[in-house]
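**Q** Provided below: query_10.txt, containing compact mmCIF, C-alpha atoms.
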```txt
# COMPACT_ATOMS: atom_id res chain seq x y z
CA MET U 23 92.88 94.12 82.06
CA CYS U 24 95.57 95.97 80.07
CA PRO U 25 95.93 99.40 81.60
CA HIS U 26 98.49 101.91 80.43
CA ALA U 27 101.46 102.10 82.79
CA LEU U 28 103.37 105.27 83.60
CA ILE U 29 106.84 104.47 84.96
CA PRO U 30 108.82 107.33 86.52
CA TYR U 31 112.55 106.68 86.09
CA LYS U 32 115.82 108.49 86.72
CA PRO U 33 118.55 107.24 84.38
CA ARG U 34 121.35 109.53 85.59
CA ASN U 35 122.89 109.32 89.10
CA PRO U 36 120.04 107.23 90.52
CA LYS U 37 119.90 105.45 93.88
CA THR U 38 122.35 107.70 95.71
CA ARG U 39 121.60 105.95 99.02
CA LEU U 40 123.34 102.89 97.58
CA SER U 41 126.57 104.90 97.08
CA GLU U 42 128.35 103.21 99.98
CA VAL U 43 128.13 99.81 98.29
CA LEU U 44 127.93 100.64 94.54
CA GLU U 45 129.99 102.81 92.19
CA PRO U 46 128.05 105.41 90.15
CA GLY U 47 128.11 103.28 86.98
CA GLU U 48 126.91 100.27 88.95
CA ARG U 49 124.04 102.24 90.42
CA GLU U 50 122.96 103.31 86.93
CA LYS U 51 123.19 99.76 85.64
CA LEU U 52 121.24 98.36 88.62
CA ALA U 53 118.53 101.00 88.14
CA ALA U 54 118.37 100.10 84.42
CA GLU U 55 118.06 96.37 85.20
CA MET U 56 115.32 97.04 87.75
CA LEU U 57 113.47 99.04 85.09
CA GLU U 58 113.83 96.06 82.72
CA ASP U 59 112.36 93.76 85.38
CA VAL U 60 109.37 96.09 85.77
CA LEU U 61 108.97 96.34 81.97
CA CYS U 62 109.11 92.55 81.71
CA THR U 63 106.21 92.27 84.18
CA MET U 64 104.33 94.96 82.25
CA ARG U 65 104.70 92.88 79.09
CA GLU U 66 103.41 89.77 80.90
CA MET U 67 100.36 91.82 81.86
CA CYS U 68 99.97 93.26 78.34
CA CYS U 69 100.28 96.77 79.74
CA MET U 70 101.38 99.61 77.48
CA PRO U 71 104.35 101.14 79.31
CA VAL U 72 105.39 104.79 79.06
CA ILE U 73 108.62 105.75 80.78
CA VAL U 74 108.51 109.14 82.45
CA ALA U 75 112.23 109.89 82.63
CA THR U 76 114.27 112.77 83.99
CA GLU U 77 116.56 112.57 80.96
CA LEU U 78 116.23 111.19 77.50
CA PHE U 79 118.04 107.85 77.28
CA ASP U 80 118.40 105.03 74.83
CA HIS U 81 115.36 102.76 75.03
CA GLU U 82 112.74 101.47 72.63
CA VAL U 83 109.86 102.14 75.03
CA THR U 84 107.87 105.35 74.63
CA GLN U 85 109.30 108.12 76.76
CA ILE U 86 108.17 111.39 78.21
CA THR U 87 110.99 113.52 79.55
CA VAL U 88 110.62 115.71 82.61
CA THR U 89 112.95 117.61 84.85
CA ASP U 90 113.40 115.84 88.16
CA ALA U 91 111.55 118.39 90.26
CA ASP U 92 108.57 118.36 87.95
CA LEU U 93 107.51 114.72 88.19
CA ASN U 94 104.29 115.68 89.98
CA GLN U 95 103.57 118.48 87.53
CA THR U 96 104.21 116.27 84.50
CA LEU U 97 102.05 113.42 85.79
CA ASN U 98 99.33 115.88 86.73
CA GLU U 99 99.34 117.16 83.15
CA ILE U 100 99.07 113.62 81.77
CA LEU U 101 96.34 112.29 84.07
CA PRO U 102 93.50 114.62 82.97
CA THR U 103 94.10 113.70 79.31
CA THR U 104 94.10 109.94 79.96
CA THR U 105 91.05 108.22 78.57
CA ARG U 106 91.30 104.83 80.24
CA ASP U 107 92.53 103.11 83.39
CA CYS U 108 96.16 103.60 84.31
CA LEU U 109 98.92 102.26 86.54
CA ILE U 110 101.65 104.47 87.93
CA ILE U 111 104.48 102.21 89.00
CA MET U 112 107.97 103.10 90.19
CA ALA U 113 110.96 101.68 88.33
CA ASP U 114 112.72 100.45 91.49
CA LEU U 115 110.30 97.59 92.21
CA PRO U 116 112.07 94.51 90.82
CA LEU U 117 110.00 92.21 93.07
CA ALA U 118 106.79 93.32 91.37
CA ASP U 119 105.15 90.36 89.67
CA GLU U 120 101.96 89.67 87.78
CA ALA U 121 100.17 88.17 90.81
CA SER U 122 100.79 91.20 92.99
CA LEU U 123 99.84 93.72 90.29
CA LYS U 124 96.70 91.79 89.38
CA ARG U 125 95.46 92.55 92.89
CA LEU U 126 95.49 96.24 91.96
CA VAL U 127 93.96 96.07 88.49
CA THR U 128 91.14 93.80 89.69
CA THR U 129 90.16 96.05 92.60
CA GLY U 130 86.46 96.67 93.17
CA LYS U 131 87.25 100.23 94.28
CA ASP U 132 87.89 103.38 92.22
CA MET U 133 91.61 103.09 92.86
CA ALA U 134 94.19 100.86 94.50
CA ILE U 135 97.42 101.97 96.13
CA VAL U 136 100.52 100.32 97.55
CA PRO U 137 102.47 102.16 100.22
CA GLY U 138 106.24 102.06 99.94
CA ARG U 139 108.62 101.57 102.81
CA GLY U 140 108.95 104.80 104.76
CA GLY U 141 105.67 106.45 103.81
CA GLY U 142 106.13 106.71 100.05
CA THR U 143 103.84 105.46 97.29
CA ASN U 144 105.05 102.63 95.09
CA VAL U 145 102.09 101.83 92.85
CA ILE U 146 98.76 103.50 92.10
CA TYR U 147 96.01 102.06 89.93
CA LEU U 148 93.34 104.47 88.76
CA LYS U 149 90.16 103.50 86.95
CA GLU U 150 89.45 107.14 86.11
CA PRO U 151 92.84 108.86 86.17
CA TRP U 152 91.34 112.22 85.22
CA LYS U 153 89.74 112.44 88.68
CA PHE U 154 93.05 112.14 90.56
CA ARG U 155 96.26 114.12 90.97
CA VAL U 156 99.56 112.88 92.39
CA ALA U 157 101.75 114.33 95.15
CA TYR U 158 104.95 112.29 95.25
CA TYR U 159 107.90 112.78 97.63
CA GLY U 160 107.84 112.56 101.42
CA ALA U 161 104.87 110.89 103.09
CA SER U 162 103.09 110.65 99.75
CA PHE U 163 101.02 107.61 100.78
CA LEU U 164 99.13 109.68 103.35
CA LYS U 165 98.85 112.59 100.89
CA HIS U 166 97.44 110.30 98.19
CA MET U 167 94.89 108.83 100.60
CA LYS U 168 93.76 112.38 101.43
CA ILE U 169 93.57 113.43 97.77
CA ALA U 170 91.47 110.35 96.99
CA GLU U 171 89.11 111.14 99.86
CA GLU U 172 88.73 114.75 98.75
CA ALA U 173 88.02 113.56 95.19
CA GLY U 174 85.36 111.15 96.47
CA LEU U 175 87.29 108.10 95.21
CA SER U 176 87.04 104.79 97.05
CA VAL U 177 90.45 103.23 97.72
CA GLU U 178 91.81 99.74 98.33
CA VAL U 179 95.21 99.57 100.03
CA ILE U 180 96.99 96.53 98.62
CA ASP U 181 98.92 94.58 101.24
CA SER U 182 101.94 93.30 99.28
CA PHE U 183 105.56 93.15 100.39
CA ARG U 184 106.71 92.58 96.80
CA LEU U 185 105.29 95.96 95.82
CA HIS U 186 106.10 97.60 99.18
CA THR U 187 109.83 96.85 98.83
CA ASP U 188 111.54 99.56 96.83
CA ILE U 189 115.27 99.07 96.46
CA ASP U 190 116.80 102.20 97.98
CA GLU U 191 119.31 101.23 100.64
CA PRO U 192 121.98 98.56 101.17
CA ASP U 193 119.64 96.54 103.44
CA ASP U 194 117.10 96.35 100.61
CA LEU U 195 119.59 94.37 98.51
CA VAL U 196 118.97 91.41 100.85
CA GLU U 197 115.34 91.35 99.74
CA LEU U 198 116.36 91.38 96.08
CA LEU U 199 118.79 88.48 96.63
CA ILE U 200 116.17 86.43 98.49
CA HIS U 201 113.00 87.19 96.55
CA GLY U 202 114.18 88.50 93.16
CA LYS U 203 114.02 86.40 90.03
CA GLY U 204 114.94 88.77 87.21
CA ARG U 205 117.80 90.70 85.67
CA SER U 206 118.51 93.00 88.60
CA ARG U 207 119.04 90.10 90.96
CA ALA U 208 121.33 88.45 88.40
CA TYR U 209 123.28 91.72 88.09
CA LEU U 210 123.75 91.91 91.87
CA GLU U 211 125.13 88.38 91.85
CA GLU U 212 127.39 89.27 88.92
CA LEU U 213 128.77 92.12 91.06
CA GLY U 214 129.64 89.55 93.74
CA PHE U 215 126.81 90.11 96.21
CA THR U 216 125.72 87.14 98.29
CA LEU U 217 123.75 86.61 101.47
CA SER U 218 125.73 86.56 104.67
CA ASP U 219 124.32 85.18 107.87
CA GLU U 220 126.17 86.63 110.82
CA LYS U 221 124.89 86.73 114.38
CA GLY U 222 121.44 85.74 113.24
CA ARG U 223 121.14 88.88 111.08
CA VAL U 224 121.17 88.43 107.32
CA GLY U 225 123.04 90.95 105.18
CA ALA U 226 124.16 91.38 101.58
CA VAL U 227 127.95 91.27 101.34
CA ARG U 228 130.11 91.84 98.32
CA LYS U 229 133.07 89.70 97.46
CA ARG U 230 135.40 91.66 95.21
CA MET R 21 89.13 78.40 110.78
CA CYS R 22 90.32 78.61 114.40
CA PRO R 23 93.84 77.26 114.49
CA HIS R 24 95.95 77.24 117.60
CA ALA R 25 98.56 80.00 117.58
CA LEU R 26 102.04 79.70 119.04
CA ILE R 27 103.53 83.14 119.76
CA PRO R 28 107.25 83.31 120.58
CA TYR R 29 107.92 86.28 122.87
CA LYS R 30 110.81 87.74 124.83
CA PRO R 31 109.54 89.78 127.80
CA ARG R 32 112.96 90.79 129.21
CA ASN R 33 115.40 93.12 127.37
CA PRO R 34 113.63 92.77 124.00
CA LYS R 35 114.22 94.78 120.84
CA THR R 36 117.82 95.74 121.54
CA ARG R 37 118.18 97.28 118.08
CA LEU R 38 115.77 100.00 119.24
CA SER R 39 118.15 100.95 122.09
CA GLU R 40 119.24 104.17 120.40
CA VAL R 41 115.72 105.58 120.51
CA LEU R 42 114.09 103.80 123.48
CA GLU R 43 115.06 103.23 127.13
CA PRO R 44 115.08 99.59 128.35
CA GLY R 45 111.72 99.98 130.14
CA GLU R 46 110.22 101.55 127.03
CA ARG R 47 111.43 98.69 124.86
CA GLU R 48 109.80 96.19 127.21
CA LYS R 49 106.54 98.14 127.22
CA LEU R 50 106.53 98.51 123.41
CA ALA R 51 107.17 94.76 123.02
CA ALA R 52 104.32 94.06 125.46
CA GLU R 53 101.93 96.35 123.56
CA MET R 54 102.88 94.74 120.25
CA LEU R 55 102.11 91.35 121.81
CA GLU R 56 98.71 92.71 122.90
CA ASP R 57 98.02 93.86 119.34
CA VAL R 58 98.84 90.38 118.03
CA LEU R 59 96.67 88.77 120.75
CA CYS R 60 93.81 91.11 119.87
CA THR R 61 93.96 89.93 116.24
CA MET R 62 94.10 86.30 117.45
CA ARG R 63 90.90 86.89 119.43
CA GLU R 64 89.20 88.41 116.38
CA MET R 65 90.10 85.23 114.51
CA CYS R 66 88.97 82.98 117.39
CA CYS R 67 92.47 81.48 117.58
CA MET R 68 93.63 79.86 120.80
CA PRO R 69 96.92 81.63 121.59
CA VAL R 70 99.82 80.07 123.49
CA ILE R 71 102.71 82.37 124.34
CA VAL R 72 106.09 80.71 124.05
CA ALA R 73 108.12 83.02 126.29
CA THR R 74 111.75 83.17 127.32
CA GLU R 75 110.71 84.04 130.88
CA LEU R 76 107.57 83.56 132.89
CA PHE R 77 105.69 86.86 133.07
CA ASP R 78 102.36 88.10 134.27
CA HIS R 79 99.69 87.36 131.67
CA GLU R 80 96.39 85.51 131.58
CA VAL R 81 97.20 83.73 128.30
CA THR R 82 98.56 80.17 128.44
CA GLN R 83 102.33 80.17 128.50
CA ILE R 84 105.14 77.80 127.74
CA THR R 85 108.50 78.95 129.03
CA VAL R 86 111.73 78.27 127.18
CA THR R 87 115.27 79.47 127.45
CA ASP R 88 116.07 81.91 124.67
CA ALA R 89 118.44 79.64 122.79
CA ASP R 90 115.98 76.79 122.79
CA LEU R 91 113.10 78.30 120.85
CA ASN R 92 113.62 75.94 117.93
CA GLN R 93 113.98 72.93 120.22
CA THR R 94 110.87 73.83 122.21
CA LEU R 95 108.74 74.40 119.12
CA ASN R 96 110.06 71.19 117.59
CA GLU R 97 108.94 69.33 120.70
CA ILE R 98 105.47 70.88 120.51
CA LEU R 99 104.80 70.41 116.78
CA PRO R 100 104.82 66.58 116.70
CA THR R 101 102.26 66.47 119.53
CA THR R 102 99.90 68.96 117.88
CA THR R 103 96.70 67.37 116.67
CA ARG R 104 95.32 70.15 114.50
CA ASP R 105 96.32 73.08 112.29
CA CYS R 106 98.55 75.69 113.84
CA LEU R 107 99.89 79.21 113.32
CA ILE R 108 103.32 80.27 114.53
CA ILE R 109 103.33 84.04 114.65
CA MET R 110 105.97 86.40 116.01
CA ALA R 111 104.97 88.88 118.72
CA ASP R 112 106.54 91.87 116.96
CA LEU R 113 103.98 92.10 114.15
CA PRO R 114 101.61 94.86 115.28
CA LEU R 115 100.45 95.45 111.69
CA ALA R 116 99.08 91.89 111.46
CA ASP R 117 95.34 92.01 110.89
CA GLU R 118 92.55 89.54 110.29
CA ALA R 119 92.56 90.07 106.50
CA SER R 120 96.26 89.33 106.13
CA LEU R 121 96.18 86.27 108.40
CA LYS R 122 93.08 84.89 106.69
CA ARG R 123 95.19 84.60 103.56
CA LEU R 124 97.36 82.06 105.41
CA VAL R 125 94.68 80.00 107.09
CA THR R 126 92.65 79.69 103.89
CA THR R 127 95.60 78.50 101.78
CA GLY R 128 95.02 75.59 99.43
CA LYS R 129 98.54 74.34 100.11
CA ASP R 130 99.88 72.25 103.00
CA MET R 131 101.42 75.30 104.57
CA ALA R 132 101.70 79.07 104.14
CA ILE R 133 104.64 81.23 105.11
CA VAL R 134 105.42 84.94 105.31
CA PRO R 135 109.04 86.04 104.98
CA GLY R 136 110.19 88.77 107.34
CA ARG R 137 112.36 91.66 106.38
CA GLY R 138 115.97 90.52 106.07
CA GLY R 139 115.40 86.83 105.42
CA GLY R 140 113.59 85.86 108.61
CA THR R 141 110.24 84.12 108.98
CA ASN R 142 107.36 86.06 110.49
CA VAL R 143 104.39 83.71 110.24
CA ILE R 144 103.93 80.04 109.39
CA TYR R 145 100.61 78.27 109.01
CA LEU R 146 100.70 74.47 109.10
CA LYS R 147 97.77 72.19 108.35
CA GLU R 148 99.67 69.19 109.70
CA PRO R 149 102.23 70.63 112.12
CA TRP R 150 103.56 67.17 113.02
CA LYS R 151 105.13 66.96 109.55
CA PHE R 152 107.23 70.11 109.93
CA ARG R 153 110.09 71.36 112.07
CA VAL R 154 111.24 74.94 112.52
CA ALA R 155 114.69 76.49 112.14
CA TYR R 156 114.45 80.11 113.27
CA TYR R 157 117.27 82.69 113.32
CA GLY R 158 119.26 83.94 110.35
CA ALA R 159 117.93 83.31 106.86
CA SER R 160 115.16 81.15 108.28
CA PHE R 161 112.78 81.81 105.38
CA LEU R 162 115.06 79.96 102.97
CA LYS R 163 115.65 77.20 105.56
CA HIS R 164 111.91 76.76 106.10
CA MET R 165 111.29 76.55 102.35
CA LYS R 166 113.92 73.80 102.15
CA ILE R 167 112.51 71.89 105.14
CA ALA R 168 109.04 72.01 103.57
CA GLU R 169 110.39 70.69 100.28
CA GLU R 170 112.22 67.86 102.03
CA ALA R 171 109.04 66.99 103.95
CA GLY R 172 107.05 66.93 100.71
CA LEU R 173 104.81 69.81 101.83
CA SER R 174 103.37 72.23 99.28
CA VAL R 175 103.88 75.88 100.25
CA GLU R 176 102.21 79.19 99.52
CA VAL R 177 104.32 82.29 100.14
CA ILE R 178 101.97 85.02 101.29
CA ASP R 179 102.79 88.43 99.85
CA SER R 180 101.83 90.81 102.68
CA PHE R 181 103.71 93.87 103.87
CA ARG R 182 101.65 93.98 107.07
CA LEU R 183 103.01 90.55 108.03
CA HIS R 184 106.44 91.17 106.45
CA THR R 185 107.07 94.23 108.64
CA ASP R 186 108.54 93.19 111.97
CA ILE R 187 109.36 96.11 114.25
CA ASP R 188 113.08 95.77 114.95
CA GLU R 189 114.85 99.01 114.07
CA PRO R 190 114.19 102.75 114.39
CA ASP R 191 113.17 102.98 110.70
CA ASP R 192 110.44 100.39 111.32
CA LEU R 193 108.72 102.77 113.75
CA VAL R 194 107.70 104.85 110.71
CA GLU R 195 105.65 101.91 109.44
CA LEU R 196 103.94 101.52 112.82
CA LEU R 197 103.06 105.23 112.92
CA ILE R 198 101.67 105.16 109.36
CA HIS R 199 99.92 101.78 109.24
CA GLY R 200 99.35 100.78 112.89
CA LYS R 201 95.95 101.03 114.53
CA GLY R 202 96.41 99.35 117.92
CA ARG R 203 97.99 99.79 121.32
CA SER R 204 101.62 99.78 120.21
CA ARG R 205 101.06 102.68 117.85
CA ALA R 206 99.23 104.58 120.61
CA TYR R 207 102.15 103.90 122.97
CA LEU R 208 104.64 105.28 120.44
CA GLU R 209 102.57 108.46 120.18
CA GLU R 210 102.38 108.64 123.97
CA LEU R 211 106.19 108.55 124.01
CA GLY R 212 106.21 111.57 121.70
CA PHE R 213 106.99 109.94 118.36
CA THR R 214 105.61 111.62 115.26
CA LEU R 215 106.34 111.47 111.56
CA SER R 216 108.89 113.93 110.26
CA ASP R 217 109.20 114.72 106.59
CA GLU R 218 112.65 116.09 105.88
CA LYS R 219 114.29 116.21 102.46
CA GLY R 220 111.64 113.92 101.04
CA ARG R 221 112.56 111.12 103.46
CA VAL R 222 110.07 110.28 106.19
CA GLY R 223 111.35 109.41 109.65
CA ALA R 224 110.01 108.86 113.16
CA VAL R 225 111.20 111.61 115.50
CA ARG R 226 110.69 111.92 119.21
CA LYS R 227 109.75 115.13 120.95
CA ARG R 228 110.78 114.91 124.59
```
Starting from the coordinates I provided, produce the structure as structure tokens.
**A**
Amino acid sequence: MCPHALIPYKPRNPKTRLSEVLEPGEREKLAAEMLEDVLCTMREMCCMPVIVATELFDHEVTQITVTDADLNQTLNEILPTTTRDCLIIMADLPLADEASLKRLVTTGKDMAIVPGRGGGTNVIYLKEPWKFRVAYYGASFLKHMKIAEEAGLSVEVIDSFRLHTDIDEPDDLVELLIHGKGRSRAYLEELGFTLSDEKGRVGAVRKR
Amino acid sequence: MCPHALIPYKPRNPKTRLSEVLEPGEREKLAAEMLEDVLCTMREMCCMPVIVATELFDHEVTQITVTDADLNQTLNEILPTTTRDCLIIMADLPLADEASLKRLVTTGKDMAIVPGRGGGTNVIYLKEPWKFRVAYYGASFLKHMKIAEEAGLSVEVIDSFRLHTDIDEPDDLVELLIHGKGRSRAYLEELGFTLSDEKGRVGAVRKR
């Protein structure tokens, strides 16, 4: 139960859809803390993480550097050379925990997948990575289901909101404040974010 | 495994946050189709559904009518008189399926709960409903966790995106188009909604 884990990550100018509530440096720091939360869960699971980053940055974890547009190409060069089971997990999933990820790595199918909010793909687990290729961006969940079918791979779709919730937009910060336990949630609180409860609708507000 | 199911429902002027993409009559019809999807899943599970509606409306299922503001009060009058286990499930969860709900009704704890997007509560399962009281609206998930603790009830939080995804806002329609299988998804398609994939961000667009 200790698959390798590929973690795509963008250290520079990440999370642009959070620009209305976070300064550029804050977005970078939040992205870095979310990566740490994911790495922490990887360590709990005894996974061997490899960061697939768009730029080289200072970190002790093994890195592979790609240009942003080439994430699919880079992953599709790695997968055929992989000799054992493998997770591909996004770095913006601070709610990911061991219980939710165990549901993927213990699947009885050839692969397990978690759709992201808005049609994306947040996590893929592959028992035989060399039989699969990725197609991220856009409605990648539907594309990945089709690729699996064409490759003759059986698929389990994992029904998890912790893994479904990528932190992309201001509304997503509410989820992190309610359900987060790690460094990224602590950083949000340090920045002054708290839950507000106005007109029956909960939001994340910032007290400066 | 056949609990009673209380289903709060608002037949008139529902889903106002969908007003920018749906006419009033369309919002009512979509809400009605989502209710049918939930009722269909209840039938698959052999649950006995009771609709807790804000107005009397034409339906063969048993109804209890409440005024909108009194949902908590009404449910809190019903719960102490309940003599067996009970689900409380919102009517705007068309992605709810038997597999996800089974995870609640087979819990080893006194109750199971599913947080909704934005701090709400989408589903509660109670083995001994007479020991609990509800506090919907706002950050009700956190309130319900506190009430359970005060009542000495053990709680399992069910990690399901199918039950986490309530259909409230235009962005949520994407989830229904991707993951829905029932009448509400078919109605959306009938209205002309399809997935669009622009700039790597998937949306639901309507062709009129």
**Q** Around (89.5, 113.0, 82.1), as given in the file, which residues come within 8 Å? Count all atoms listed in the file and list them as a PyMOL selection string.
**A** chain U and resi 101-105+150-153
**Q** Using only C-alpha atoms, which residues sit within 12 Å of Asn144 in chain U once same-chain residues fewer than 6 positions away are excluded, as a PDB file with C-alpha atoms, in the frame of the given file?
**A**
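Everything below was put into selection-v7.pdb:
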```pdb
ATOM      1  CA  LEU U  28     103.370 105.270  83.600  1.00  0.00           C
ATOM      2  CA  ILE U  29     106.840 104.470  84.960  1.00  0.00           C
ATOM      3  CA  PRO U  30     108.820 107.330  86.520  1.00  0.00           C
ATOM      4  CA  LEU U 109      98.920 102.260  86.540  1.00  0.00           C
ATOM      5  CA  ILE U 110     101.650 104.470  87.930  1.00  0.00           C
ATOM      6  CA  ILE U 111     104.480 102.210  89.000  1.00  0.00           C
ATOM      7  CA  MET U 112     107.970 103.100  90.190  1.00  0.00           C
ATOM      8  CA  ALA U 113     110.960 101.680  88.330  1.00  0.00           C
ATOM      9  CA  ASP U 114     112.720 100.450  91.490  1.00  0.00           C
ATOM     10  CA  LEU U 115     110.300  97.590  92.210  1.00  0.00           C
ATOM     11  CA  PRO U 116     112.070  94.510  90.820  1.00  0.00           C
ATOM     12  CA  LEU U 117     110.000  92.210  93.070  1.00  0.00           C
ATOM     13  CA  ALA U 118     106.790  93.320  91.370  1.00  0.00           C
ATOM     14  CA  LEU U 123      99.840  93.720  90.290  1.00  0.00           C
ATOM     15  CA  LEU U 126      95.490  96.240  91.960  1.00  0.00           C
ATOM     16  CA  ALA U 134      94.190 100.860  94.500  1.00  0.00           C
ATOM     17  CA  ILE U 135      97.420 101.970  96.130  1.00  0.00           C
ATOM     18  CA  VAL U 136     100.520 100.320  97.550  1.00  0.00           C
ATOM     19  CA  PRO U 137     102.470 102.160 100.220  1.00  0.00           C
ATOM     20  CA  GLY U 138     106.240 102.060  99.940  1.00  0.00           C
ATOM     21  CA  VAL U 156      99.560 112.880  92.390  1.00  0.00           C
ATOM     22  CA  TYR U 158     104.950 112.290  95.250  1.00  0.00           C
ATOM     23  CA  TYR U 159     107.900 112.780  97.630  1.00  0.00           C
ATOM     24  CA  ALA U 161     104.870 110.890 103.090  1.00  0.00           C
ATOM     25  CA  SER U 162     103.090 110.650  99.750  1.00  0.00           C
ATOM     26  CA  PHE U 163     101.020 107.610 100.780  1.00  0.00           C
ATOM     27  CA  HIS U 166      97.440 110.300  98.190  1.00  0.00           C
ATOM     28  CA  VAL U 179      95.210  99.570 100.030  1.00  0.00           C
ATOM     29  CA  ILE U 180      96.990  96.530  98.620  1.00  0.00           C
ATOM     30  CA  ASP U 181      98.920  94.580 101.240  1.00  0.00           C
ATOM     31  CA  SER U 182     101.940  93.300  99.280  1.00  0.00           C
ATOM     32  CA  PHE U 183     105.560  93.150 100.390  1.00  0.00           C
ATOM     33  CA  ARG U 184     106.710  92.580  96.800  1.00  0.00           C
ATOM     34  CA  LEU U 185     105.290  95.960  95.820  1.00  0.00           C
ATOM     35  CA  HIS U 186     106.100  97.600  99.180  1.00  0.00           C
ATOM     36  CA  THR U 187     109.830  96.850  98.830  1.00  0.00           C
ATOM     37  CA  ASP U 188     111.540  99.560  96.830  1.00  0.00           C
ATOM     38  CA  ILE U 189     115.270  99.070  96.460  1.00  0.00           C
TER      39      ILE U 189
END
```
**Q** Neighbours of Ala52 in chain R within 12 Å (all atoms listed in the file; same-chain residues fewer than 5 positions away dropped), as a ChimeraX atom specification?
**A** /R:29-35,45-47,57-59,71,73,77-79,111-114,203-205,207
**Q** Based on only C-alpha atoms, which of the residues in chain R come within 8 Å of chain U? I want them as a list in words.
**A**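 Putting it all together, I get Ser120, Arg137, Gly138, Gly139, Tyr157, Gly158, Ala159, Leu162, Asp179, Ser180, Phe181, Arg182, His184, Asp191, Val194, Glu195, Ile198, Asp217, Glu218, Lys219, Gly220, Arg221, Val222 and Gly223 of chain R.
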**Q** Between CA of Lys131 in chain U and CA of Val145 in chain U, measure the distance and give it in Å to one decimal.
**A**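 Here the two named atoms are 15.0 Å from each other.
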**Q** CA of Arg37 in chain R to CA of Glu56 in chain R: how many Å, to one decimal?
**A**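 Atom-to-atom, CA of Arg37 in chain R to CA of Glu56 in chain R, that is 20.6 Å.
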**Q** Find the spatial neighbours of Gly172 in chain R, counting only C-alpha atoms, within a cut-off of 12 Å - ignore same-chain residues fewer than 2 positions away - and output them as a ChimeraX atom specification.
**A** /R:129-131,148,151-152,165-170,174-175
**Q** Could you write out that same residue set with C-alpha atoms as a compact mmCIF listing (two decimals), keeping the file's coordinate frame?
**A**
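File written: again_19.txt
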```txt
# COMPACT_ATOMS: atom_id res chain seq x y z
CA LYS R 129 98.54 74.34 100.11
CA ASP R 130 99.88 72.25 103.00
CA MET R 131 101.42 75.30 104.57
CA GLU R 148 99.67 69.19 109.70
CA LYS R 151 105.13 66.96 109.55
CA PHE R 152 107.23 70.11 109.93
CA MET R 165 111.29 76.55 102.35
CA LYS R 166 113.92 73.80 102.15
CA ILE R 167 112.51 71.89 105.14
CA ALA R 168 109.04 72.01 103.57
CA GLU R 169 110.39 70.69 100.28
CA GLU R 170 112.22 67.86 102.03
CA SER R 174 103.37 72.23 99.28
CA VAL R 175 103.88 75.88 100.25
```
**Q** Nearest to Lys124 in chain U: which of U:Ala208, U:Val88, U:Tyr147, U:Glu42 is it, counting all atoms listed in the file?
**A**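 Among U:Ala208, U:Val88, U:Tyr147, U:Glu42, it is U:Tyr147 that comes nearest to Lys124 in chain U.
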**Q** Calculate how many Å separate CA of Glu189 in chain R from CA of Glu43 in chain R, rounding to one decimal.
**A**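 Here the two named atoms are 13.7 Å from each other.
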**Q** From the coordinates supplied, range 130-163 of chain R should be written with C-alpha atoms, as a PDB file, in the first residue's frame.
**A**
```pdb
ATOM      1  CA  ASP R 130     -25.241   6.974  16.740  1.00  0.00           C
ATOM      2  CA  MET R 131     -25.647   9.283  13.787  1.00  0.00           C
ATOM      3  CA  ALA R 132     -24.118  10.105  10.410  1.00  0.00           C
ATOM      4  CA  ILE R 133     -24.019  13.498   8.754  1.00  0.00           C
ATOM      5  CA  VAL R 134     -23.043  14.912   5.370  1.00  0.00           C
ATOM      6  CA  PRO R 135     -21.929  18.542   5.195  1.00  0.00           C
ATOM      7  CA  GLY R 136     -23.227  20.553   2.262  1.00  0.00           C
ATOM      8  CA  ARG R 137     -21.198  22.967   0.244  1.00  0.00           C
ATOM      9  CA  GLY R 138     -20.758  26.216   2.174  1.00  0.00           C
ATOM     10  CA  GLY R 139     -21.282  24.914   5.696  1.00  0.00           C
ATOM     11  CA  GLY R 140     -24.825  23.596   5.405  1.00  0.00           C
ATOM     12  CA  THR R 141     -26.122  20.129   6.232  1.00  0.00           C
ATOM     13  CA  ASN R 142     -27.372  17.946   3.398  1.00  0.00           C
ATOM     14  CA  VAL R 143     -28.203  14.629   5.047  1.00  0.00           C
ATOM     15  CA  ILE R 144     -28.514  13.409   8.620  1.00  0.00           C
ATOM     16  CA  TYR R 145     -29.109   9.826   9.680  1.00  0.00           C
ATOM     17  CA  LEU R 146     -30.277   9.283  13.252  1.00  0.00           C
ATOM     18  CA  LYS R 147     -30.610   5.924  14.968  1.00  0.00           C
ATOM     19  CA  GLU R 148     -32.505   7.507  17.855  1.00  0.00           C
ATOM     20  CA  PRO R 149     -34.047  10.677  16.428  1.00  0.00           C
ATOM     21  CA  TRP R 150     -35.715  11.551  19.738  1.00  0.00           C
ATOM     22  CA  LYS R 151     -32.282  12.380  21.169  1.00  0.00           C
ATOM     23  CA  PHE R 152     -31.455  15.016  18.552  1.00  0.00           C
ATOM     24  CA  ARG R 153     -32.746  18.400  17.439  1.00  0.00           C
ATOM     25  CA  VAL R 154     -31.995  20.201  14.194  1.00  0.00           C
ATOM     26  CA  ALA R 155     -30.729  23.734  13.569  1.00  0.00           C
ATOM     27  CA  TYR R 156     -30.785  24.319   9.814  1.00  0.00           C
ATOM     28  CA  TYR R 157     -29.724  27.497   7.974  1.00  0.00           C
ATOM     29  CA  GLY R 158     -26.275  29.085   7.982  1.00  0.00           C
ATOM     30  CA  ALA R 159     -23.330  27.033   9.187  1.00  0.00           C
ATOM     31  CA  SER R 160     -25.663  24.256  10.265  1.00  0.00           C
ATOM     32  CA  PHE R 161     -23.034  21.523   9.881  1.00  0.00           C
ATOM     33  CA  LEU R 162     -20.985  22.967  12.729  1.00  0.00           C
ATOM     34  CA  LYS R 163     -24.158  23.559  14.788  1.00  0.00           C
TER      35      LYS R 163
END
```
